[in-house]
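run-v9.txt, holding compact mmCIF, C-alpha atoms:
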```
# COMPACT_ATOMS: atom_id res chain seq x y z
CA MET A 1 -40.58 -17.51 -52.76
CA ARG A 2 -39.28 -18.82 -49.44
CA ARG A 3 -42.18 -18.39 -47.05
CA GLY A 4 -41.29 -17.63 -43.43
CA GLY A 5 -37.94 -16.06 -44.35
CA ILE A 6 -38.73 -12.83 -42.48
CA PHE A 7 -39.76 -14.80 -39.39
CA VAL A 8 -36.37 -16.53 -39.34
CA GLU A 9 -34.56 -13.18 -39.76
CA VAL A 10 -36.53 -11.62 -36.89
CA ALA A 11 -35.94 -14.66 -34.68
CA VAL A 12 -32.18 -14.52 -35.32
CA SER A 13 -32.17 -10.74 -34.60
CA ILE A 14 -34.04 -11.26 -31.33
CA LEU A 15 -31.59 -14.02 -30.37
CA LEU A 16 -28.56 -11.82 -31.05
CA PHE A 17 -30.14 -8.87 -29.25
CA SER A 18 -30.95 -11.09 -26.24
CA VAL A 19 -27.36 -12.33 -26.07
CA GLY A 20 -26.14 -8.71 -26.09
CA ILE A 21 -28.60 -7.66 -23.38
CA LEU A 22 -27.67 -10.67 -21.24
CA ALA A 23 -23.98 -9.81 -21.58
CA LEU A 24 -24.66 -6.20 -20.57
CA THR A 25 -26.76 -7.31 -17.58
CA GLY A 26 -23.97 -9.67 -16.52
CA THR A 27 -21.46 -6.83 -16.71
CA LEU A 28 -23.76 -4.62 -14.66
CA PHE A 29 -24.18 -7.24 -11.92
CA TYR A 30 -20.44 -7.88 -11.90
CA GLY A 31 -19.82 -4.13 -11.51
CA VAL A 32 -22.27 -3.87 -8.59
CA LYS A 33 -20.66 -6.92 -6.94
CA MET A 34 -17.20 -5.39 -7.37
CA VAL A 35 -18.33 -2.12 -5.76
CA ALA A 36 -19.82 -3.99 -2.78
CA GLU A 37 -16.64 -6.07 -2.35
CA SER A 38 -14.50 -2.99 -2.67
CA ARG A 39 -16.45 -1.33 0.16
CA GLU A 40 -15.86 -4.36 2.41
CA GLU A 41 -12.18 -4.44 1.46
CA THR A 42 -11.78 -0.75 2.33
CA VAL A 43 -13.38 -1.27 5.75
CA LYS A 44 -11.18 -4.30 6.47
CA GLU A 45 -8.06 -2.42 5.34
CA GLN A 46 -8.92 0.55 7.55
CA GLU A 47 -9.51 -1.72 10.55
CA TYR A 48 -6.13 -3.36 9.95
CA ARG A 49 -4.43 0.04 9.69
CA ASN A 50 -6.12 1.16 12.94
CA LEU A 51 -4.96 -2.01 14.71
CA VAL A 52 -1.32 -1.42 13.71
CA GLU A 53 -1.54 2.29 14.64
CA LYS A 54 -2.87 1.30 18.08
CA GLU A 55 -0.01 -1.16 18.45
CA ILE A 56 2.54 1.59 17.70
CA LEU A 57 0.90 3.90 20.22
CA SER A 58 0.95 1.16 22.86
CA ILE A 59 4.61 0.34 22.16
CA ILE A 60 5.49 4.03 22.52
CA ARG A 61 3.34 4.74 25.59
CA GLU A 62 3.62 1.52 27.60
CA PRO A 63 7.15 0.11 27.99
CA SER A 64 5.78 -3.22 29.28
CA TYR A 65 3.32 -3.65 26.39
CA ASP A 66 3.34 -7.06 24.74
CA PRO A 67 2.58 -6.57 21.02
CA SER A 68 -0.02 -8.84 19.44
CA GLY A 69 1.95 -9.40 16.21
CA THR A 70 3.91 -12.52 15.35
CA PRO A 71 7.38 -12.18 16.90
CA LEU A 72 10.37 -12.93 14.67
CA PRO A 73 13.71 -14.08 16.17
CA ASP A 74 15.38 -11.51 18.46
CA ASP A 75 17.93 -9.26 16.81
CA GLU A 76 20.01 -6.17 17.62
CA MET A 77 21.25 -2.90 16.14
CA ILE A 78 24.80 -1.80 16.84
CA ILE A 79 25.47 1.87 17.53
CA ASN A 80 29.01 2.88 18.50
CA THR A 81 29.74 -0.76 19.41
CA LYS A 82 26.77 -0.79 21.82
CA PRO A 83 23.91 -3.20 21.13
CA VAL A 84 20.26 -2.21 21.02
CA PRO A 85 18.37 -5.51 21.24
CA PHE A 86 14.94 -5.68 19.69
CA THR A 87 12.20 -8.03 18.58
CA LEU A 88 10.53 -7.57 15.23
CA TYR A 89 6.77 -8.14 15.23
CA LYS A 90 4.99 -9.00 12.03
CA TYR A 91 1.40 -8.02 11.22
CA LYS A 92 -0.59 -9.17 8.22
CA GLN A 93 -4.07 -8.48 6.96
CA GLU A 94 -6.04 -11.71 6.60
CA ASP A 95 -6.71 -13.05 3.09
CA ARG A 96 -4.59 -10.37 1.43
CA THR A 97 -1.10 -10.55 0.06
CA ASP A 98 1.63 -7.92 0.40
CA THR A 99 0.07 -6.26 3.47
CA GLU A 100 2.80 -7.18 5.95
CA ILE A 101 3.82 -4.47 8.40
CA TYR A 102 6.72 -4.80 10.83
CA LEU A 103 7.14 -3.09 14.19
CA ILE A 104 10.20 -3.03 16.42
CA LYS A 105 9.98 -3.42 20.16
CA GLY A 106 13.14 -2.69 22.08
CA GLY A 107 14.44 -5.35 24.46
CA ASN A 108 16.58 -5.13 27.57
CA MET B 1 -38.98 6.49 -48.69
CA LYS B 2 -38.32 5.78 -52.34
CA VAL B 3 -35.13 3.74 -52.90
CA ASP B 4 -33.26 4.22 -56.14
CA ARG B 5 -32.73 0.56 -56.85
CA ALA B 6 -30.85 1.28 -60.06
CA ALA B 7 -28.22 3.28 -58.18
CA VAL B 8 -27.78 0.61 -55.53
CA LYS B 9 -27.45 -2.06 -58.15
CA LYS B 10 -24.67 -0.08 -59.83
CA ARG B 11 -22.61 -0.10 -56.58
CA SER B 12 -23.15 -3.53 -55.19
CA GLY B 13 -21.64 -4.04 -51.67
CA ALA B 14 -21.82 -0.34 -50.72
CA ALA B 15 -24.21 -1.04 -47.84
CA LEU B 16 -21.97 -3.82 -46.58
CA ILE B 17 -18.93 -1.51 -46.51
CA ALA B 18 -20.88 1.08 -44.50
CA THR B 19 -22.02 -1.59 -42.03
CA VAL B 20 -18.47 -2.91 -41.65
CA LEU B 21 -17.08 0.61 -41.14
CA ILE B 22 -19.66 1.50 -38.48
CA GLY B 23 -18.98 -1.84 -36.76
CA PHE B 24 -15.26 -1.13 -36.87
CA ILE B 25 -15.73 2.34 -35.32
CA VAL B 26 -17.96 0.98 -32.56
CA LEU B 27 -15.48 -1.80 -31.77
CA SER B 28 -12.59 0.70 -31.75
CA LEU B 29 -14.42 2.90 -29.24
CA LEU B 30 -15.18 -0.10 -27.03
CA SER B 31 -11.56 -1.28 -27.18
CA ALA B 32 -10.27 2.22 -26.32
CA THR B 33 -12.58 2.34 -23.29
CA VAL B 34 -11.46 -1.10 -22.08
CA ILE B 35 -7.75 -0.20 -22.53
CA SER B 36 -8.28 3.06 -20.65
CA ILE B 37 -10.00 1.28 -17.72
CA THR B 38 -7.24 -1.36 -17.58
CA TRP B 39 -4.51 1.30 -17.60
CA LYS B 40 -6.17 3.24 -14.80
CA THR B 41 -6.67 0.07 -12.73
CA LEU B 42 -2.99 -0.83 -13.10
CA ARG B 43 -1.97 2.69 -12.04
CA VAL B 44 -4.16 2.52 -8.93
CA GLU B 45 -2.65 -0.87 -8.01
CA SER B 46 0.87 0.50 -8.41
CA TRP B 47 -0.07 3.54 -6.27
CA GLN B 48 -1.48 1.24 -3.56
CA THR B 49 1.75 -0.81 -3.54
CA GLU B 50 3.78 2.40 -3.13
CA GLN B 51 1.54 3.55 -0.28
CA ILE B 52 1.84 0.29 1.69
CA GLU B 53 5.63 0.41 1.21
CA LYS B 54 5.73 3.99 2.55
CA ILE B 55 3.62 3.07 5.59
CA ARG B 56 5.74 -0.01 6.23
CA LEU B 57 8.98 2.01 6.24
CA ASP B 58 7.47 4.81 8.33
CA TYR B 59 6.26 2.41 11.03
CA LEU B 60 9.61 0.62 11.06
CA ALA B 61 11.50 3.92 11.45
CA ARG B 62 9.13 5.12 14.19
CA THR B 63 9.49 1.98 16.29
CA ALA B 64 13.26 1.80 15.73
CA ALA B 65 13.58 5.42 16.90
CA LYS B 66 11.52 4.50 19.96
CA ALA B 67 13.81 1.55 20.85
CA VAL B 68 16.95 3.74 20.66
CA THR B 69 15.25 6.67 22.43
CA ASP B 70 14.34 4.37 25.33
CA LYS B 71 18.00 3.36 25.71
CA LEU B 72 19.10 7.00 25.70
CA THR B 73 16.38 8.08 28.11
CA ALA B 74 17.37 5.35 30.55
CA ASP B 75 21.08 6.14 30.27
CA PRO B 76 22.20 9.19 28.21
CA ASP B 77 25.79 7.92 28.22
CA TYR B 78 24.91 4.39 27.07
CA PHE B 79 26.33 4.98 23.57
CA GLY B 80 29.24 7.11 24.86
CA THR B 81 29.49 10.83 25.50
CA LEU B 82 27.09 12.55 23.13
CA ASN B 83 28.64 14.94 20.63
CA ARG B 84 27.66 17.00 17.57
CA ASN B 85 29.43 14.69 15.12
CA GLY B 86 27.15 11.91 16.19
CA PHE B 87 27.22 8.14 16.29
CA VAL B 88 26.11 6.25 13.23
CA SER B 89 24.80 2.73 13.55
CA VAL B 90 25.97 -0.27 11.59
CA PRO B 91 23.29 -0.51 8.85
CA LYS B 92 20.76 -3.12 9.92
CA THR B 93 19.06 -5.08 7.19
CA ILE B 94 15.70 -6.55 8.03
CA THR B 95 14.51 -9.29 5.72
CA ASP B 96 11.38 -11.38 5.79
CA GLY B 97 10.14 -13.11 2.66
CA ALA B 98 9.96 -10.58 -0.17
CA PHE B 99 10.36 -7.66 2.24
CA SER B 100 13.77 -6.15 2.82
CA ALA B 101 14.63 -2.83 4.46
CA THR B 102 17.73 -1.23 5.91
CA LEU B 103 17.73 0.74 9.14
CA ASP B 104 20.24 3.51 9.79
CA ILE B 105 20.30 5.27 13.13
CA THR B 106 22.19 8.47 13.93
CA ILE B 107 22.51 9.88 17.45
CA LYS B 108 23.74 13.41 18.05
CA GLY B 109 23.62 15.75 20.99
CA ASP B 110 25.28 17.28 24.02
CA ASP B 111 24.64 17.23 27.75
CA GLN B 112 21.41 19.24 27.28
CA ARG B 113 19.63 17.35 24.55
CA ALA B 114 19.98 14.38 22.26
CA SER B 115 18.49 13.63 18.89
CA VAL B 116 17.88 10.25 17.32
CA VAL B 117 17.32 10.02 13.58
CA ALA B 118 16.01 6.69 12.31
CA LYS B 119 15.96 6.11 8.58
CA ALA B 120 14.32 3.06 7.03
CA SER B 121 14.98 2.51 3.34
CA SER B 122 13.91 -0.25 1.03
CA ALA B 123 15.59 -1.80 -2.00
CA LYS B 124 12.73 -0.39 -4.12
CA GLY B 125 14.03 3.12 -3.44
CA GLY B 126 11.56 4.37 -0.83
CA SER B 127 12.61 5.71 2.54
CA ALA B 128 11.15 7.15 5.75
CA VAL B 129 12.87 9.29 8.34
CA VAL B 130 11.73 9.80 11.93
CA ARG B 131 13.48 12.01 14.47
CA THR B 132 13.15 12.22 18.23
CA THR B 133 14.63 15.01 20.31
CA ILE B 134 15.16 14.26 23.98
CA ASP B 135 15.42 17.04 26.51
CA LEU B 136 17.94 15.65 29.00
CA THR B 137 17.52 18.51 31.48
CA THR B 138 13.99 17.64 32.57
CA ASP B 139 12.85 14.85 34.83
CA PRO B 140 11.15 12.82 33.48
CA LYS B 141 12.91 13.46 30.17
CA THR B 142 10.64 14.82 27.47
CA VAL B 143 10.72 13.47 23.95
CA THR B 144 9.60 15.41 20.86
CA TRP B 145 8.75 13.45 17.71
CA SER B 146 8.99 14.63 14.14
CA SER B 147 9.11 12.97 10.75
CA GLY B 148 10.60 13.74 7.36
CA ASN B 149 14.07 14.86 6.37
```
Using the file provided, produce a representation of the structure as structure tokens.
Amino acid sequence: MRRGGIFVEVAVSILLFSVGILALTGTLFYGVKMVAESREETVKEQEYRNLVEKEILSIIREPSYDPSGTPLPDDEMIINTKPVPFTLYKYKQEDRTDTEIYLIKGGN
Amino acid sequence: MKVDRAAVKKRSGAALIATVLIGFIVLSLLSATVISITWKTLRVESWQTEQIEKIRLDYLARTAAKAVTDKLTADPDYFGTLNRNGFVSVPKTITDGAFSATLDITIKGDDQRASVVAKASSAKGGSAVVRTTIDLTTDPKTVTWSSGN
């Protein structure tokens, strides 16, 4: 007879069970963290959207408005040989890729 | 519970097969759940990319329409005498990094009213259309905005 065999089996079972429980707890914490981050991201995204919407309203309502975006080099559209000069303003949400939005402000 | 040891001895490994099968089923269910979550996450990401592209084109069309509308409001004959055939702009391509969009402007009208249609379209296939209608008979001139085709 090998004495203590059952003890070893139980110890190994408890070890495996503990590893499983730890993994599940880790997943749970990760999930909660993701939800919290997602909430912050949504708020930031909405604030960014609001900022750009306000910029559009200001461009439309106030002809002398100076947009807060990053200006790109002046350009122009041609309609029936007549130029419509404009400046393209670039907006970007901080710390996020592929969120660039561009607004046109007509020139003189 | 009384175990028929004789029967178990006859089929050695039967318990192992059952354990393996149950393990296989459990793992299959877990894998299916993980694949489903991944697929849904990818779909949401693709939807978000489409949405930002739509917004980007819409804002570009809106502000382009505004720039042309301002020119027309200041001088209705700036682009020539307005007519129903309309003036079509030279397509304007706007490029910055990975972003690229083309702007097309059409101006139509008569001595009573003018309409400006600004269309922004991207290489990915999306587009946004914004229209302004300017009443040239009022002072100050009134502008009505609409979007869509």
Requested in this report: Select all residues from chain A having any atom no more than 12 Å from an atom of chain B (counting all atoms listed in the file, ignoring ligands), output as a PyMOL selection string.
Outcome: chain A and resi 45+49+52-63+67+71-93+97-108
Query raised in the report: Around (16.6, -5.4, -0.4) in the file's own coordinates, what residues are found within 7 Å if you use only C-alpha atoms, given back as a ChimeraX atom specification?
Result: /B:100-101,122-123
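For the pair CA of Ile35 in chain B and CA of Gly31 in chain A, the interatomic distance is 16.8 Å.
The two atoms in question, CA of Ser146 in chain B and CA of Ala120 in chain B, are spaced 14.6 Å apart.
Between CA of Lys124 in chain B and CA of Gln46 in chain A lies a distance of 24.6 Å.
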